[in-house]
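One structure is given here, and the rest of the page talks about it.
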Number of protein chains: 2
Amino acid sequence: MAEKKSDRTRASILAAARERFGADGYERATIRAIAADASIDPAMVMRYYGSKEKLFAAAAEFDVRLPDLRDVPREQAGEVLVRHLIERWEEDDTLRVLLRTAVTNEAAAERMRQVFVGQLTPAFERAAMDEPAVRAGLIATQALGFALCRYILEFEPIVGLSTDDAVAWLGPTIARYLTSPVPSAPPTGHLTRCERRATSPPATAAPGAT
Amino acid sequence: MAEKKSDRTRASILAAARERFGADGYERATIRAIAADASIDPAMVMRYYGSKEKLFAAAAEFDVRLPDLRDVPREQAGEVLVRHLIERWEEDDTLRVLLRTAVTNEAAAERMRQVFVGQLTPAFERAAMDEPAVRAGLIATQALGFALCRYILEFEPIVGLSTDDAVAWLGPTIARYLTSPVPSAPPTGHLTRCERRATSPPATAAPGAT
DNA sequence: GGCGAAAGTCAACAAGTGTTGGCATATGCT
DNA sequence: AGCATATGCCAACACTTGTTGACTTTCGCC
């Protein structure tokens with residue numbers, strides 16, 4: 001066996017850690033509780049991961065694995081992106097760990113920034129969009145807000161949505177953040193930003209209506 | 001004078017508590033730190049508020065004070081609502097306290113639900129909308145996601161937006177959640193939404209399944 | 001003034017935290 | 001076999017947490 005015995009407990013510690021961090025957040029997830037979940041002594045956790053912080057760092061390793069948006073036609077890009085994000089969220093609880101912890105833990109917040117701004121922005125740059133950072137940020141607001149309400153705060157109307165419903169509702173929003181021209185207020189600001197909105201970037205149509 | 005001396009310290013405790021809870025979250029905000037900020041003894045906090053939980057409950061008292069949407073024409077409702085929410089957020093740090101704590105504290109989460117689902121939904125019912133709860137939930141996702149990225153996670157592109165920029169970007173989103181007819185069909189198929197995740201997204205290869 | 005209550009201080013408790021070192025056991029190698 | 005090493009458990013440490021009770025000061029009022 002190339003598999004050592006320690007690798008199994010190492011992995012079970014990590015699994016228990018993910019669950020606890022995801023359920024309780026960083027501070028309330030204690031080493032002792034994690035160890036108990038893994039049916040092991042707390043000292044083992046230290047032996048394998050050195051400290052609580054390092055254990056957390058290992059448990060919060062994550063990659064969004066974005067699809068290449070150049071491959072899909074522009075009108076579908078929003079929907080494809082939303083579906084990818086939601087499904088990614090559903091399949092990997094690491095994101096929930098990150099979301100729960102990022103609110104009080106600076107390291108987790110930094111990783112969140114790396115993922116949602118640092119990985120999205122260059123993807124939009126490659127697709128030759130203007131203001132890629134702002135668009136990435138806006139999409140992050142909608143995606144993270146959805147996840148927050150669905151998985152963490154558990155707002156009933158949002159928890160009750162099927163994946164397809166969610167995609168149908170959020171798709172046009174993401175699409176607009178992706179493709180809409182920048183609304184009136186200029187970044188340099190030498191124009192009055194009291195300029196009210198020109199109100200409508202291209203009207204958002206019902207999903208699938210193209 | 002009807003004003004007792006104790007009221008002042010009582011208030012200063014509350015102010016310090018709000019700041020600490022908002023900056024550190026529930027667990028990391030210690031009674032001792034709060035007391036130090038208010039320049040008093042930790043025992044005073046207990047004397048005045050009984051326990052940490054009760055102090056938190058007092059610090060997280062909040063009301064969104066929604067505008068009556070029946071007063072504004074439908075096309076402007078989204079923008080009015082967004083502007084109100086953002087400004088409300090900017091002026092009162094209680095919301096930040098709630099957001100930071102709701103992620104790990106069940107009592108705070110419950111209050112969040114009361115505010116964002118419990119107060120928004122009836123407002124939409126009064127305005128005679130269909131699916132008021134879902135619309136309220138969706139609006140909460142965008143509003144909370146924006147606040148999360150702007151005030152807690154501090155995504156640079158979002159922090160950099162002016163209030164007017166933010167309203168211009170988010171306005172149409174909220175407006176659509178407010179007024180758009182309920183979307184029904186998944187993108188390229190015409191399946192009912194009772195279909196769970198059995199449906200696979202069209203062109204992009206779906207992993208697993210079968 | 002004096003007196004009672006309010007306001008504030010101090011030290012301590014009991015419980016829980018991350019973390020450490022010592023000691024037992026199993027495991028693999030020759 | 002025997003030995004070295006990996007693996008695991010136990011008890012304890014130093015520290016922080018919320019919370020409590022006894023003690024001292026300050027204040028308002030007769």
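Chain labels follow the order of the structure tokens: the first chain is A, the next B, and so on; residue numbering restarts at 1 in every chain, and ligands are counted from 1 in their shown order.
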Please give the root-mean-square deviation of the Cα atoms once chain B has been least-squares fitted onto chain A, pairing every Cα in order.
7.8 Å
Taking only C-alpha atoms (C1' of nucleotides) into account, what are the residues of chain B at most 10 Å from chain D, put as JSON, numbers by chain?
{"B": [5, 27, 30, 31, 32, 42, 43, 46, 50, 51, 52]}
Assign secondary structure with DSSP using the backbone only, and return the residues of range 47-77 of chain B in alpha helix (DSSP H) as a ChimeraX atom specification.
/B:47-49,52-59,74-77
Prev. selection, C-alpha atoms, output as a PDB file, in the first residue's frame:
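Output saved as out_4.pdb:
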```
ATOM      1  CA  ARG B  47     -25.121  45.218  35.892  1.00  0.00           C
ATOM      2  CA  TYR B  48     -26.739  47.223  33.138  1.00  0.00           C
ATOM      3  CA  TYR B  49     -27.516  44.584  30.548  1.00  0.00           C
ATOM      4  CA  LYS B  52     -23.750  39.342  26.725  1.00  0.00           C
ATOM      5  CA  GLU B  53     -26.722  38.011  24.830  1.00  0.00           C
ATOM      6  CA  LYS B  54     -29.033  40.684  26.190  1.00  0.00           C
ATOM      7  CA  LEU B  55     -26.476  43.360  25.442  1.00  0.00           C
ATOM      8  CA  PHE B  56     -26.305  42.099  21.902  1.00  0.00           C
ATOM      9  CA  ALA B  57     -30.061  42.054  21.586  1.00  0.00           C
ATOM     10  CA  ALA B  58     -30.126  45.691  22.630  1.00  0.00           C
ATOM     11  CA  ALA B  59     -27.316  46.588  20.219  1.00  0.00           C
ATOM     12  CA  ARG B  74     -43.912  51.364 -10.677  1.00  0.00           C
ATOM     13  CA  GLU B  75     -41.072  52.239 -12.992  1.00  0.00           C
ATOM     14  CA  GLN B  76     -39.377  54.192 -10.240  1.00  0.00           C
ATOM     15  CA  ALA B  77     -40.075  51.781  -7.428  1.00  0.00           C
TER      16      ALA B  77
END
```
Residues of chain C within 12 Å of chain B, counting only C-alpha atoms (C1' of nucleotides), what are they? List them as a list in words.
DA6, DA7, DG8, DT9, DC10 and DA11 of chain C
Those same residues, written as a PDB file, in the first residue's frame with C-alpha atoms (C1' of nucleotides)?
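Saved file part-v7.pdb follows:
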```pdb
ATOM      1  C1'  DA C   6     -26.934  54.284  43.383  1.00  0.00           C
ATOM      2  C1'  DA C   7     -22.584  53.900  40.685  1.00  0.00           C
ATOM      3  C1'  DG C   8     -18.303  52.053  40.255  1.00  0.00           C
ATOM      4  C1'  DT C   9     -14.070  48.945  41.490  1.00  0.00           C
ATOM      5  C1'  DC C  10     -11.607  44.733  42.555  1.00  0.00           C
ATOM      6  C1'  DA C  11     -10.565  40.063  42.717  1.00  0.00           C
TER       7       DA C  11
END
```
Could you produce a table of the residues of chain A lying within 7 Å of chain B, with the nearest pair of atoms per residue and their separation in Å rounded to one decimal, using only C-alpha atoms, ordered by chain and increasing residue number, as CSV?
```
residue,atom,partner,partner_atom,distance
A:Asp24,CA,B:Thr104,CA,6.2
A:Gly25,CA,B:Thr104,CA,6.0
A:Glu27,CA,B:Glu27,CA,6.8
A:Arg100,CA,B:Val103,CA,6.0
A:Val103,CA,B:Arg100,CA,6.0
A:Thr104,CA,B:Gly25,CA,6.1
A:Ala109,CA,B:Leu153,CA,5.7
A:Arg113,CA,B:Phe155,CA,6.4
A:Ala133,CA,B:Pro157,CA,5.9
A:Val134,CA,B:Pro157,CA,5.0
A:Gly137,CA,B:Pro157,CA,5.8
A:Thr141,CA,B:Gly145,CA,4.4
A:Gln142,CA,B:Gln142,CA,5.1
A:Leu144,CA,B:Gly145,CA,5.5
A:Gly145,CA,B:Gly145,CA,3.4
A:Phe146,CA,B:Thr141,CA,4.8
A:Cys149,CA,B:Thr141,CA,6.0
A:Ile152,CA,B:Val103,CA,6.4
A:Leu153,CA,B:Ala109,CA,5.8
A:Phe155,CA,B:Arg113,CA,6.4
A:Pro157,CA,B:Val134,CA,5.0
A:Ile158,CA,B:Gly137,CA,5.9
A:Ser162,CA,B:Arg196,CA,6.4
A:Thr163,CA,B:Arg197,CA,6.4
A:Asp164,CA,B:Pro186,CA,5.8
A:Asp165,CA,B:Arg193,CA,6.7
A:Ala168,CA,B:Pro183,CA,6.1
A:Trp169,CA,B:Pro183,CA,6.7
A:Thr173,CA,B:Thr173,CA,6.0
A:Pro183,CA,B:Ala168,CA,6.1
A:Ala185,CA,B:Asp165,CA,5.9
A:Arg193,CA,B:Asp164,CA,6.6
A:Arg197,CA,B:Ala168,CA,5.8
A:Ala206,CA,B:Pro183,CA,6.8
A:Pro207,CA,B:Pro183,CA,6.7
A:Gly208,CA,B:Pro187,CA,5.4
```
Output the selection as an mmCIF file, in the first residue's frame - C-alpha atoms for each residue.
```cif
data_model
loop_
_atom_site.group_PDB
_atom_site.id
_atom_site.type_symbol
_atom_site.label_atom_id
_atom_site.label_comp_id
_atom_site.auth_asym_id
_atom_site.auth_seq_id
_atom_site.Cartn_x
_atom_site.Cartn_y
_atom_site.Cartn_z
ATOM 1 C CA ASP A 24 -20.189 27.141 13.217
ATOM 2 C CA GLY A 25 -17.721 29.641 11.771
ATOM 3 C CA GLU A 27 -14.269 30.915 16.385
ATOM 4 C CA ARG A 100 -19.243 31.646 7.116
ATOM 5 C CA VAL A 103 -17.130 37.582 7.779
ATOM 6 C CA THR A 104 -15.014 37.443 10.921
ATOM 7 C CA ALA A 109 -11.930 37.329 3.562
ATOM 8 C CA ARG A 113 -11.386 38.440 -2.595
ATOM 9 C CA ALA A 133 -13.251 44.719 -12.075
ATOM 10 C CA VAL A 134 -16.533 46.491 -11.412
ATOM 11 C CA GLY A 137 -17.528 42.852 -8.159
ATOM 12 C CA THR A 141 -22.504 40.829 -4.870
ATOM 13 C CA GLN A 142 -25.372 38.950 -6.461
ATOM 14 C CA LEU A 144 -22.590 35.898 -2.659
ATOM 15 C CA GLY A 145 -25.848 37.498 -1.577
ATOM 16 C CA PHE A 146 -27.759 34.596 -3.028
ATOM 17 C CA CYS A 149 -29.530 34.045 1.944
ATOM 18 C CA ILE A 152 -26.376 30.706 5.729
ATOM 19 C CA LEU A 153 -29.338 32.846 6.713
ATOM 20 C CA PHE A 155 -34.470 32.768 3.986
ATOM 21 C CA PRO A 157 -38.361 31.922 -0.138
ATOM 22 C CA ILE A 158 -34.788 31.551 -1.364
ATOM 23 C CA SER A 162 -34.996 25.056 -7.396
ATOM 24 C CA THR A 163 -31.706 25.438 -9.197
ATOM 25 C CA ASP A 164 -33.531 26.206 -12.420
ATOM 26 C CA ASP A 165 -35.722 28.811 -10.795
ATOM 27 C CA ALA A 168 -33.976 31.894 -14.337
ATOM 28 C CA TRP A 169 -34.219 34.711 -11.810
ATOM 29 C CA THR A 173 -29.111 40.088 -13.554
ATOM 30 C CA PRO A 183 -24.437 53.583 -16.369
ATOM 31 C CA ALA A 185 -21.986 58.353 -13.513
ATOM 32 C CA ARG A 193 -22.853 62.577 -10.021
ATOM 33 C CA ARG A 197 -29.662 57.717 -13.931
ATOM 34 C CA ALA A 206 -37.632 37.561 -19.745
ATOM 35 C CA PRO A 207 -35.249 34.612 -19.560
ATOM 36 C CA GLY A 208 -34.880 32.530 -22.662
#
```
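Distance-wise, CA of Thr121 in chain B and CA of Val64 in chain B end up 12.8 Å apart.
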Kindly give the distance, in Å, that separates CA of Phe62 in chain A and CA of Ala36 in chain A, rounded to a single decimal.
24.8 Å
If you count only C-alpha atoms (C1' of nucleotides), which residues fall within 12 Å of Ala127 in chain B, apart from same-chain ones fewer than 4 positions away, as a PyMOL selection string?
chain B and resi 67-74+77+120-123+131-132+178-179
File dump, residues just selected, N, CA and C atoms, as a compact mmCIF listing (two decimals), in the first residue's frame:
```txt
# COMPACT_ATOMS: atom_id res chain seq x y z
N PRO B 67 -40.07 52.73 2.79
CA PRO B 67 -41.02 53.71 2.24
C PRO B 67 -42.25 52.96 1.72
N ASP B 68 -43.35 53.64 1.67
CA ASP B 68 -44.55 53.00 1.14
C ASP B 68 -44.51 53.00 -0.38
N LEU B 69 -44.39 51.80 -0.93
CA LEU B 69 -44.18 51.69 -2.37
C LEU B 69 -45.42 52.04 -3.19
N ARG B 70 -46.56 52.14 -2.51
CA ARG B 70 -47.76 52.49 -3.27
C ARG B 70 -47.73 53.96 -3.70
N ASP B 71 -46.86 54.71 -3.04
CA ASP B 71 -46.81 56.14 -3.35
C ASP B 71 -46.02 56.45 -4.62
N VAL B 72 -45.16 55.52 -5.03
CA VAL B 72 -44.31 55.81 -6.18
C VAL B 72 -44.74 54.99 -7.39
N PRO B 73 -44.59 55.62 -8.58
CA PRO B 73 -44.93 54.88 -9.81
C PRO B 73 -44.05 53.65 -9.97
N ARG B 74 -44.59 52.66 -10.59
CA ARG B 74 -43.91 51.36 -10.68
C ARG B 74 -42.52 51.43 -11.29
N ALA B 77 -40.07 52.47 -8.72
CA ALA B 77 -40.07 51.78 -7.43
C ALA B 77 -38.74 51.12 -7.12
N LEU B 120 -40.35 43.12 4.26
CA LEU B 120 -40.49 43.40 2.82
C LEU B 120 -41.72 42.73 2.24
N THR B 121 -41.92 41.47 2.61
CA THR B 121 -43.02 40.72 2.02
C THR B 121 -44.38 41.40 2.17
N PRO B 122 -44.76 41.78 3.38
CA PRO B 122 -46.07 42.44 3.51
C PRO B 122 -46.15 43.74 2.73
N ALA B 123 -45.01 44.43 2.62
CA ALA B 123 -45.03 45.67 1.84
C ALA B 123 -45.38 45.39 0.38
N GLU B 131 -46.37 36.54 -5.85
CA GLU B 131 -45.14 35.98 -5.27
C GLU B 131 -44.36 37.00 -4.44
N PRO B 132 -45.01 37.68 -3.53
CA PRO B 132 -44.31 38.74 -2.78
C PRO B 132 -43.13 38.21 -1.98
N LEU B 178 -38.78 43.25 -8.74
CA LEU B 178 -40.02 43.84 -8.25
C LEU B 178 -41.17 43.62 -9.23
N THR B 179 -40.87 43.75 -10.50
CA THR B 179 -41.97 43.84 -11.47
C THR B 179 -42.00 42.74 -12.52
```
